[in-house]
Amino acid sequence: MDIVGKRYWFFAISGLVIIPGLIGLLLWGLPLSIDFTGGSLLEVGFDSGLRPQPAEIVALYKSLGIGDPQVQTAGDTDLVVRSKPIDEQVRAHVVDEMESRFGGPVTVVSFELVGPSVGAEVANRAATAVGLATLGILGYITYAFRGVAHAPRYGVAAILAMLHDVAVVIGVEAILGHFLGWEVDSLFLTALLTVIGFSVHDSIVVFDRIRENQTIHRRLDYETLVNHSIVQTLDRSVNTQLTVMLTLLALLLFGGVTTRHFVTVLLVGVFSGTYSSIFNAAPMLVVWENREWRNWFRRRQPASA
Amino acid sequence: MRTNYRSWLIPIVILIVAVVWVVLPTNPGINIGSFHRSIRVVRGLDLQGGLRVLLEADVPASQDVTSEQLTTARSIIENRVNGLGVSEPLIQIAGNRRILVELPGIGDPEQAVAAIKETGLLEFVDPGTTNQSEVIALEGQVITTDFGEPAGSEPPSPPETSLTPETAQATVDGTAEATQGAATPTAGAGDGSSPPIFYHTVMTGAVLKSAGVNTDQTGVPYVAFELTNEGSTLFGDYTSSHVGQYLMIVLDKKVISTPRIQEAITTGTGSITGNFTVADANALAVQLRYGALPIPLKVVESQSVGPTLGQDSLRKSTIAGIVGLAVVILFMALYYRLPGLVADMALIVYALTTFALFKMIPVTLTLPGIAGFVLSIGVAVDANILIFERMKEELRGGRTLAQAIDLGFSRAWPSIRDSNLSTLITCLILYWFGSTFGASIVKGFALTLATGVLVSLFTAITVTRTFLHVILDGLGVGKHARWFGV
């Protein structure tokens with residue numbers, strides 16, 4: 001099986017997923033949840049079944065002087081209202097008003113308040129966390145591969161594959177967010193960080209085989225060696241991928257609505273993580289070894305000799 | 001080599017017995033002599049409903065908050081929360097100016113937030129030259145007192161000291177922060193008609209010895225208090241020289257009661273009456289009993305989850321976990337045959353051990369935490385898959401079964417080590433992110449994932465290897481490479 005030889009095809013497939021995602025990101029942006037923007041989120045249930053129209057709730061919020069109300073329906077009896085920050089007292093007042101205006105008991109399913117300063121801080125901290133994780137992983141891989149030539153390349157290739165997965169996840173999130181109304185919240189962040197961990201985990205397994213084969217097959221040229229290593233680890237990559245996907249599918253199908261967004265992001269990310277470790281990370285080492293970028297902008301020549 | 005690994009069998013069996021004992025839902029807890037510890041699952045707010053509040057010191061960003069102030073505030077909040085009768089509250093300092101409060105299963109979030117975040121600074125204030133009717137009219141309004149002002153400072157200019165009618169507090173965002181600053185009254189919208197007055201504070205709640213709720217003959221609740229010796233002297237002196245005049249009782253700069261001094265009070269006891277409900281009076285008594293917060297606090301984040309949503313989420317994720325586990329077990333058995341079954345046993349040991357650790361540590365189980373746990377089941381078999389694929393290669397290369405097993409383990413080890421260490425690095429950074437920011441959800445996820453990774457390293461390697469060798473010796477399966485899926 002020749003995977004490395006077709007590397008530009010696989011890079012192109014990655015591009016086919018990433019580029020539309022990034023276009024979606026540019027067109028629509030990432031809808032941020034109140035975790036980042038600050039605000040309140042109130043989910044109420046109208047148990048009597050007499051759920052008012054969203055417009056009526058917007059009018060109620062406006063009449064109480066609460067800014068930016070946005071109303072969504074959830075399930076059969078619930079409404080989710082996002083607005084400028086309101087505290088517990090105002091929330092209680094809002095619920096009383098709902099009961100008196102629309103009749104019937106109103107139950108508070110959940111209520112969240114996030115100050116705007118907190119949101120900005122989460123974003124900063126998250127960026128720092130990702131930066132630190134990247135450095136930590138880069139450092140660790142360089143250390144773990146210190147025995148082979150060009151050890152830092154393995155770290156950089158793993159990080160590039162990781163960025164690929166981040167780009168895939170963010171692109172898919174931008175598109176799904178636009179059509180399904182999903183928002184980037186702290187759970188999305190957690191999922192993204194998990195994907196980062198998983199992506200590197202997979203790349204290392206393939207790199208480990210290259211590391212081992214380099215000491216066994218000294219005569220082989222690098223490209224054949226990398227391809228051989230990928231093929232040897234292919235069964236494992238596919239099977240691990242399968243078990244993880246199966247558990248995630250179980251969560252997606254049976255885990256309820258609350259974690260659906262979270263699990264979907266993980267599914268996309270885990271799939272991308274395995275793909276990039278096989279088809280991007282290891283072939284990238286070959287691109288680097290051959291310094292192929294010198295040929296990229298010349299007149300047409302076969303990219304892989 | 002083989003006998004070496006068989007020696008693990010007894011510790012592993014003991015571990016399994018211990019773990020099953022811990023996991024049993026009827027576990028009575030540990031009771032050895034005077035040492036008692038209950039063992040049960042701690043569920044996060046998203047799984048059982050409740051209130052989570054992130055409080056931040058309400059002082060200018062340039063002003064430092066000492067860790068001592070935060071620690072004091074934390075213990076005062078803890079006392080107040082206990083006074084409210086909440087079971088298993090969590091009060092943590094998050095970062096250097098925040099406190100995280102989690103109150104599981106609380107029914108009335110509104111009252112709880114009020115009881116927690118109010119500074120609770122009680123002042124007995126001399127109305128000075130203000131006449132009787134004006135004093136009574138001040139009830140429910142915010143005033144400025146000289147307590148907490150730098151000594152010898154002149155009364156501030158009129159705009160800052162103008163009285164703020166209570167209605168002005170209900171600003172659009174609903175926060176009453178403007179009235180919180182103990183030392184910096186920033187009341188904005190005065191009605192302009194009241195002259196600026198700087199009232200003198202006779203004494204503060206610091207001289208209170210105890211406070212509790214009573215009801216009068218008509219059933220109206222009031223707060224009864226007892227003073228320390230120092231307080232009794234101060235209060236005695238003041239009341240003897242001001243008989244027939246009014247006294248203002250002020251909480252967080254808001255006048256809550258204006259009793260008339262009927263006679264000198266030298267007994268060191270007194271009461272605060274006002275327009276209280278029983279809950280109000282209780283919250284006030286709780287605040288007074290445990291003293292005023294050293295720094296004003298504001299709510300920067302809060303979340304409350306109704307109990308039904310929590311139960312529903314728990315039930316669904318438990319089902320998802322069981323289904324996920326079953327599917328992985330089936331896959332491993334079908335694909336890897338005998339070693340697959342051994343890996344399945346190891347996987348069950350893994351799931352039980354991890355769950356037992358969650359109960360023992362205890363790790364608070366949140367929704368993403370459960371998702372992390374279920375995900376870790378998929379990841380846990382990765383080590384086994386790596387090993388078994390390696391074993392197959394060695395078998396195809398003509399090694400004997402026993403050799404292939406040992407080689408499979410030793411050759412797969414570097415990749416298992418390096419890949420899992422990188423995951424642990426990510427967990428560490430997530431944990432740090434979660435705990436400095438007070439995002440307990442992220443922290444819980446990192447902790448469950450890291451626990452899972454560490455336990456899976458043990459079960460996938462030691463437990464699987466021991467079981468494989470035991471079965472190999474016991475059943476003489478060495479001649480049947482087909483059982484290994486080759």
# chains A, B, ... in the order shown; residues from 1 in each chain; ligands from 1
$ interface_residues --of "chain A" --to "chain B" --cutoff "7 Å" --atoms "only C-alpha atoms" --output "PDB file with N, CA and C atoms, in the first residue's frame"
ATOM      1  N   GLY A  65     -37.203  46.138  30.643  1.00  0.00           N
ATOM      2  CA  GLY A  65     -35.973  46.885  30.442  1.00  0.00           C
ATOM      3  C   GLY A  65     -34.728  46.022  30.370  1.00  0.00           C
ATOM      4  N   ILE A  66     -34.881  44.727  30.022  1.00  0.00           N
ATOM      5  CA  ILE A  66     -33.713  43.848  29.902  1.00  0.00           C
ATOM      6  C   ILE A  66     -33.323  43.767  28.429  1.00  0.00           C
ATOM      7  N   PRO A  85     -26.878  40.422  30.973  1.00  0.00           N
ATOM      8  CA  PRO A  85     -26.839  39.804  32.306  1.00  0.00           C
ATOM      9  C   PRO A  85     -27.972  40.264  33.227  1.00  0.00           C
ATOM     10  N   ILE A  86     -28.637  39.302  33.858  1.00  0.00           N
ATOM     11  CA  ILE A  86     -29.607  39.636  34.905  1.00  0.00           C
ATOM     12  C   ILE A  86     -29.247  38.780  36.117  1.00  0.00           C
ATOM     13  N   ASP A  87     -29.521  39.285  37.319  1.00  0.00           N
ATOM     14  CA  ASP A  87     -29.153  38.496  38.491  1.00  0.00           C
ATOM     15  C   ASP A  87     -30.355  37.693  38.989  1.00  0.00           C
ATOM     16  N   GLU A  88     -30.144  36.977  40.095  1.00  0.00           N
ATOM     17  CA  GLU A  88     -31.179  36.059  40.596  1.00  0.00           C
ATOM     18  C   GLU A  88     -32.485  36.782  40.925  1.00  0.00           C
ATOM     19  N   GLN A  89     -32.364  38.007  41.477  1.00  0.00           N
ATOM     20  CA  GLN A  89     -33.586  38.723  41.852  1.00  0.00           C
ATOM     21  C   GLN A  89     -34.409  39.073  40.625  1.00  0.00           C
ATOM     22  N   VAL A  90     -33.708  39.592  39.607  1.00  0.00           N
ATOM     23  CA  VAL A  90     -34.417  39.970  38.384  1.00  0.00           C
ATOM     24  C   VAL A  90     -34.993  38.718  37.728  1.00  0.00           C
ATOM     25  N   VAL A 108     -38.205  26.775  36.455  1.00  0.00           N
ATOM     26  CA  VAL A 108     -36.886  27.167  35.980  1.00  0.00           C
ATOM     27  C   VAL A 108     -36.062  25.898  35.794  1.00  0.00           C
ATOM     28  N   VAL A 109     -35.774  25.565  34.539  1.00  0.00           N
ATOM     29  CA  VAL A 109     -34.991  24.359  34.267  1.00  0.00           C
ATOM     30  C   VAL A 109     -33.509  24.637  34.564  1.00  0.00           C
ATOM     31  N   SER A 110     -33.028  25.765  34.070  1.00  0.00           N
ATOM     32  CA  SER A 110     -31.662  26.145  34.402  1.00  0.00           C
ATOM     33  C   SER A 110     -31.508  27.635  34.200  1.00  0.00           C
ATOM     34  N   PHE A 111     -30.531  28.191  34.883  1.00  0.00           N
ATOM     35  CA  PHE A 111     -30.273  29.618  34.772  1.00  0.00           C
ATOM     36  C   PHE A 111     -28.776  29.852  34.858  1.00  0.00           C
ATOM     37  N   GLU A 112     -28.271  30.679  33.959  1.00  0.00           N
ATOM     38  CA  GLU A 112     -26.840  30.987  33.970  1.00  0.00           C
ATOM     39  C   GLU A 112     -26.622  32.465  33.843  1.00  0.00           C
ATOM     40  N   LEU A 113     -25.611  32.947  34.547  1.00  0.00           N
ATOM     41  CA  LEU A 113     -25.218  34.345  34.434  1.00  0.00           C
ATOM     42  C   LEU A 113     -23.710  34.392  34.294  1.00  0.00           C
ATOM     43  N   VAL A 114     -23.234  35.066  33.274  1.00  0.00           N
ATOM     44  CA  VAL A 114     -21.786  35.219  33.112  1.00  0.00           C
ATOM     45  C   VAL A 114     -21.483  36.686  32.896  1.00  0.00           C
ATOM     46  N   GLY A 115     -20.607  37.225  33.729  1.00  0.00           N
ATOM     47  CA  GLY A 115     -20.200  38.611  33.557  1.00  0.00           C
ATOM     48  C   GLY A 115     -19.361  38.740  32.308  1.00  0.00           C
ATOM     49  N   VAL A 118     -15.618  38.064  32.564  1.00  0.00           N
ATOM     50  CA  VAL A 118     -15.254  36.661  32.721  1.00  0.00           C
ATOM     51  C   VAL A 118     -15.069  36.018  31.352  1.00  0.00           C
ATOM     52  N   ARG A 125      -7.510  32.891  28.671  1.00  0.00           N
ATOM     53  CA  ARG A 125      -6.930  31.748  29.378  1.00  0.00           C
ATOM     54  C   ARG A 125      -6.884  30.522  28.473  1.00  0.00           C
ATOM     55  N   ALA A 129      -3.837  28.368  27.429  1.00  0.00           N
ATOM     56  CA  ALA A 129      -3.798  26.930  27.695  1.00  0.00           C
ATOM     57  C   ALA A 129      -3.381  26.165  26.436  1.00  0.00           C
ATOM     58  N   ALA A 133      -0.037  24.024  25.979  1.00  0.00           N
ATOM     59  CA  ALA A 133      -0.130  22.606  25.628  1.00  0.00           C
ATOM     60  C   ALA A 133       0.735  22.321  24.404  1.00  0.00           C
ATOM     61  N   GLY A 136       4.360  22.370  25.416  1.00  0.00           N
ATOM     62  CA  GLY A 136       4.656  21.196  26.228  1.00  0.00           C
ATOM     63  C   GLY A 136       4.810  19.956  25.365  1.00  0.00           C
ATOM     64  N   ILE A 137       3.887  19.794  24.406  1.00  0.00           N
ATOM     65  CA  ILE A 137       3.909  18.615  23.544  1.00  0.00           C
ATOM     66  C   ILE A 137       5.115  18.650  22.607  1.00  0.00           C
ATOM     67  N   THR A 190     -13.462  22.522  25.799  1.00  0.00           N
ATOM     68  CA  THR A 190     -12.980  21.278  26.393  1.00  0.00           C
ATOM     69  C   THR A 190     -12.827  20.213  25.312  1.00  0.00           C
ATOM     70  N   GLY A 197      -5.252  16.728  22.295  1.00  0.00           N
ATOM     71  CA  GLY A 197      -4.537  15.648  22.971  1.00  0.00           C
ATOM     72  C   GLY A 197      -4.575  14.359  22.163  1.00  0.00           C
ATOM     73  N   PHE A 198      -5.749  14.047  21.629  1.00  0.00           N
ATOM     74  CA  PHE A 198      -5.952  12.811  20.893  1.00  0.00           C
ATOM     75  C   PHE A 198      -5.149  12.795  19.601  1.00  0.00           C
ATOM     76  N   HIS A 201      -1.570  12.166  20.314  1.00  0.00           N
ATOM     77  CA  HIS A 201      -1.499  10.771  20.736  1.00  0.00           C
ATOM     78  C   HIS A 201      -1.351   9.846  19.509  1.00  0.00           C
ATOM     79  N   ILE A 204       1.955  10.306  17.508  1.00  0.00           N
ATOM     80  CA  ILE A 204       3.113   9.722  18.193  1.00  0.00           C
ATOM     81  C   ILE A 204       3.214   8.225  17.930  1.00  0.00           C
ATOM     82  N   VAL A 205       2.046   7.548  17.863  1.00  0.00           N
ATOM     83  CA  VAL A 205       2.071   6.105  17.628  1.00  0.00           C
ATOM     84  C   VAL A 205       2.732   5.804  16.276  1.00  0.00           C
ATOM     85  N   ASP A 208       6.440   6.699  16.428  1.00  0.00           N
ATOM     86  CA  ASP A 208       7.183   5.702  17.210  1.00  0.00           C
ATOM     87  C   ASP A 208       7.653   4.575  16.309  1.00  0.00           C
ATOM     88  N   ARG A 236      -3.836  -0.880  13.798  1.00  0.00           N
ATOM     89  CA  ARG A 236      -4.041  -0.289  15.120  1.00  0.00           C
ATOM     90  C   ARG A 236      -4.799   1.037  14.999  1.00  0.00           C
ATOM     91  N   THR A 240      -8.353   1.443  16.882  1.00  0.00           N
ATOM     92  CA  THR A 240      -8.520   2.403  17.979  1.00  0.00           C
ATOM     93  C   THR A 240      -9.565   3.437  17.609  1.00  0.00           C
ATOM     94  N   THR A 243     -13.001   1.904  18.084  1.00  0.00           N
ATOM     95  CA  THR A 243     -13.503   1.797  19.457  1.00  0.00           C
ATOM     96  C   THR A 243     -13.887   3.162  20.009  1.00  0.00           C
ATOM     97  N   VAL A 244     -13.048   4.169  19.733  1.00  0.00           N
ATOM     98  CA  VAL A 244     -13.369   5.505  20.243  1.00  0.00           C
ATOM     99  C   VAL A 244     -14.633   6.039  19.588  1.00  0.00           C
ATOM    100  N   LEU A 246     -17.039   4.302  18.386  1.00  0.00           N
ATOM    101  CA  LEU A 246     -18.195   3.554  18.877  1.00  0.00           C
ATOM    102  C   LEU A 246     -18.679   4.120  20.215  1.00  0.00           C
ATOM    103  N   THR A 247     -17.736   4.402  21.121  1.00  0.00           N
ATOM    104  CA  THR A 247     -18.175   4.962  22.406  1.00  0.00           C
ATOM    105  C   THR A 247     -18.797   6.341  22.204  1.00  0.00           C
ATOM    106  N   LEU A 248     -18.204   7.123  21.311  1.00  0.00           N
ATOM    107  CA  LEU A 248     -18.766   8.454  21.065  1.00  0.00           C
ATOM    108  C   LEU A 248     -20.150   8.357  20.435  1.00  0.00           C
ATOM    109  N   ALA A 250     -22.250   5.966  20.938  1.00  0.00           N
ATOM    110  CA  ALA A 250     -23.155   5.607  22.036  1.00  0.00           C
ATOM    111  C   ALA A 250     -23.572   6.863  22.791  1.00  0.00           C
ATOM    112  N   LEU A 251     -22.599   7.748  23.053  1.00  0.00           N
ATOM    113  CA  LEU A 251     -22.921   8.997  23.754  1.00  0.00           C
ATOM    114  C   LEU A 251     -23.847   9.870  22.920  1.00  0.00           C
ATOM    115  N   PHE A 254     -27.419   8.010  22.841  1.00  0.00           N
ATOM    116  CA  PHE A 254     -28.148   7.794  24.095  1.00  0.00           C
ATOM    117  C   PHE A 254     -27.874   8.849  25.155  1.00  0.00           C
ATOM    118  N   GLY A 255     -26.891   9.706  24.920  1.00  0.00           N
ATOM    119  CA  GLY A 255     -26.430  10.600  25.982  1.00  0.00           C
ATOM    120  C   GLY A 255     -27.277  11.833  26.243  1.00  0.00           C
ATOM    121  N   GLY A 256     -28.327  12.050  25.443  1.00  0.00           N
ATOM    122  CA  GLY A 256     -29.168  13.206  25.715  1.00  0.00           C
ATOM    123  C   GLY A 256     -28.677  14.450  25.003  1.00  0.00           C
TER     124      GLY A 256
END
$ residues_around --residues "Thr274 in chain A" --least-positions-apart "5" --cutoff "7 Å" --atoms "only C-alpha atoms" --output "list in words"
Ser199, Asp202, Ser237 and Gln241 of chain A
$ atom_distance --atom1 "CA of Val13 in chain B" --atom2 "CA of Ala346 in chain B"
11.8 Å
$ residues_around --residues "Leu27 in chain A" --least-positions-apart "3" --cutoff "10 Å" --atoms "only C-alpha atoms" --output "list in words"
Gly21, Leu22, Ile23, Gly24, Leu30, Ala174, Ile175 and His178 of chain A
$ select_by_dssp --residues "range 80-302 of chain A" --states "alpha helix (DSSP H)" --output "VMD selection string"
chain A and resid 88 to 102 116 to 144 151 to 180 186 to 216 222 to 254 260 to 276 282 to 290 293 to 296
$ residues_around --residues "Thr269 in chain B" --least-positions-apart "6" --cutoff "10 Å" --atoms "only C-alpha atoms" --output "MDAnalysis selection string"
chainID B and resid 208:211 224:228 231:232 235
$ write_last_selection --atoms "C-alpha atoms" --output "PDB file, in the first residue's frame"
ATOM      1  CA  LEU B 208     -22.018  41.196  68.225  1.00  0.00           C
ATOM      2  CA  LYS B 209     -21.644  37.984  70.177  1.00  0.00           C
ATOM      3  CA  SER B 210     -24.592  36.104  68.718  1.00  0.00           C
ATOM      4  CA  ALA B 211     -27.703  36.655  66.635  1.00  0.00           C
ATOM      5  CA  ALA B 224     -32.412  39.205  68.436  1.00  0.00           C
ATOM      6  CA  PHE B 225     -28.754  39.820  69.197  1.00  0.00           C
ATOM      7  CA  GLU B 226     -26.364  39.739  72.116  1.00  0.00           C
ATOM      8  CA  LEU B 227     -23.341  41.992  72.436  1.00  0.00           C
ATOM      9  CA  THR B 228     -19.812  41.358  73.642  1.00  0.00           C
ATOM     10  CA  GLY B 231     -20.257  46.239  72.778  1.00  0.00           C
ATOM     11  CA  SER B 232     -22.422  46.306  75.902  1.00  0.00           C
ATOM     12  CA  PHE B 235     -24.216  50.521  73.553  1.00  0.00           C
TER      13      PHE B 235
END
$ select_by_dssp --residues "range 237-358 of chain B" --states "strand (DSSP E or B)" --output "number ranges by chain"
B: 246, 248-251, 254-257, 260, 269-272, 297-305
$ atom_distance --atom1 "CA of Val349 in chain B" --atom2 "CA of Ile16 in chain B"
6.8 Å
$ atom_distance --atom1 "CA of Val270 in chain A" --atom2 "CA of Val195 in chain A"
6.0 Å
$ residues_around --residues "range 283-287 of chain B" --least-positions-apart "6" --cutoff "10 Å" --atoms "only C-alpha atoms" --output "VMD selection string"
chain B and resid 76 to 77 79 to 84 111 to 112 114 to 122 205 210 to 213 222 to 225 251 272 276 to 277 293
$ closest_residue --among "B:Gly398, B:Gly128, B:Gly268, B:Gly474" --to "Tyr246 in chain B" --atoms "only C-alpha atoms"
B:Gly128
$ residues_around --residues "Met162 in chain A" --least-positions-apart "2" --cutoff "7 Å" --atoms "only C-alpha atoms" --output "number ranges by chain"
A: 158-160, 164-166, 196, 199-200
$ closest_residue --among "A:Thr215, A:Ser186, A:Ser229, A:Ser203" --to "Glu121 in chain A" --atoms "only C-alpha atoms"
A:Ser186
$ decode --residues "range 84-99 of chain B" --atoms "N, CA and C atoms" --output "mmCIF file, in the first residue's frame"
data_model
loop_
_atom_site.group_PDB
_atom_site.id
_atom_site.type_symbol
_atom_site.label_atom_id
_atom_site.label_comp_id
_atom_site.auth_asym_id
_atom_site.auth_seq_id
_atom_site.Cartn_x
_atom_site.Cartn_y
_atom_site.Cartn_z
ATOM 1 N N LEU B 84 -27.393 28.271 56.364
ATOM 2 C CA LEU B 84 -28.592 28.142 55.528
ATOM 3 C C LEU B 84 -29.043 26.689 55.452
ATOM 4 N N GLY B 85 -28.218 25.776 55.953
ATOM 5 C CA GLY B 85 -28.595 24.369 55.965
ATOM 6 C C GLY B 85 -28.433 23.673 54.623
ATOM 7 N N VAL B 86 -27.394 24.043 53.858
ATOM 8 C CA VAL B 86 -27.150 23.366 52.589
ATOM 9 C C VAL B 86 -26.227 22.178 52.852
ATOM 10 N N SER B 87 -26.559 21.023 52.287
ATOM 11 C CA SER B 87 -25.674 19.886 52.495
ATOM 12 C C SER B 87 -24.594 19.871 51.434
ATOM 13 N N GLU B 88 -23.402 19.503 51.832
ATOM 14 C CA GLU B 88 -22.253 19.371 50.938
ATOM 15 C C GLU B 88 -22.000 20.565 50.053
ATOM 16 N N PRO B 89 -21.839 21.733 50.652
ATOM 17 C CA PRO B 89 -21.494 22.882 49.810
ATOM 18 C C PRO B 89 -20.021 22.802 49.424
ATOM 19 N N LEU B 90 -19.668 23.480 48.355
ATOM 20 C CA LEU B 90 -18.267 23.565 47.959
ATOM 21 C C LEU B 90 -17.921 25.037 47.874
ATOM 22 N N ILE B 91 -16.949 25.469 48.666
ATOM 23 C CA ILE B 91 -16.532 26.867 48.592
ATOM 24 C C ILE B 91 -15.031 26.890 48.383
ATOM 25 N N GLN B 92 -14.632 27.414 47.236
ATOM 26 C CA GLN B 92 -13.225 27.378 46.864
ATOM 27 C C GLN B 92 -12.745 28.740 46.444
ATOM 28 N N ILE B 93 -11.468 29.018 46.743
ATOM 29 C CA ILE B 93 -10.861 30.223 46.207
ATOM 30 C C ILE B 93 -10.383 29.883 44.801
ATOM 31 N N ALA B 94 -10.788 30.694 43.829
ATOM 32 C CA ALA B 94 -10.400 30.440 42.442
ATOM 33 C C ALA B 94 -9.589 31.627 41.957
ATOM 34 N N GLY B 95 -8.318 31.403 41.701
ATOM 35 C CA GLY B 95 -7.481 32.493 41.252
ATOM 36 C C GLY B 95 -7.197 33.433 42.412
ATOM 37 N N ASN B 96 -6.881 34.709 42.135
ATOM 38 C CA ASN B 96 -6.483 35.575 43.243
ATOM 39 C C ASN B 96 -7.498 36.644 43.629
ATOM 40 N N ARG B 97 -8.661 36.632 42.983
ATOM 41 C CA ARG B 97 -9.692 37.538 43.494
ATOM 42 C C ARG B 97 -11.099 36.960 43.373
ATOM 43 N N ARG B 98 -11.187 35.645 43.268
ATOM 44 C CA ARG B 98 -12.502 35.048 43.090
ATOM 45 C C ARG B 98 -12.754 33.915 44.071
ATOM 46 N N ILE B 99 -14.022 33.696 44.350
ATOM 47 C CA ILE B 99 -14.437 32.580 45.196
ATOM 48 C C ILE B 99 -15.571 31.857 44.489
#
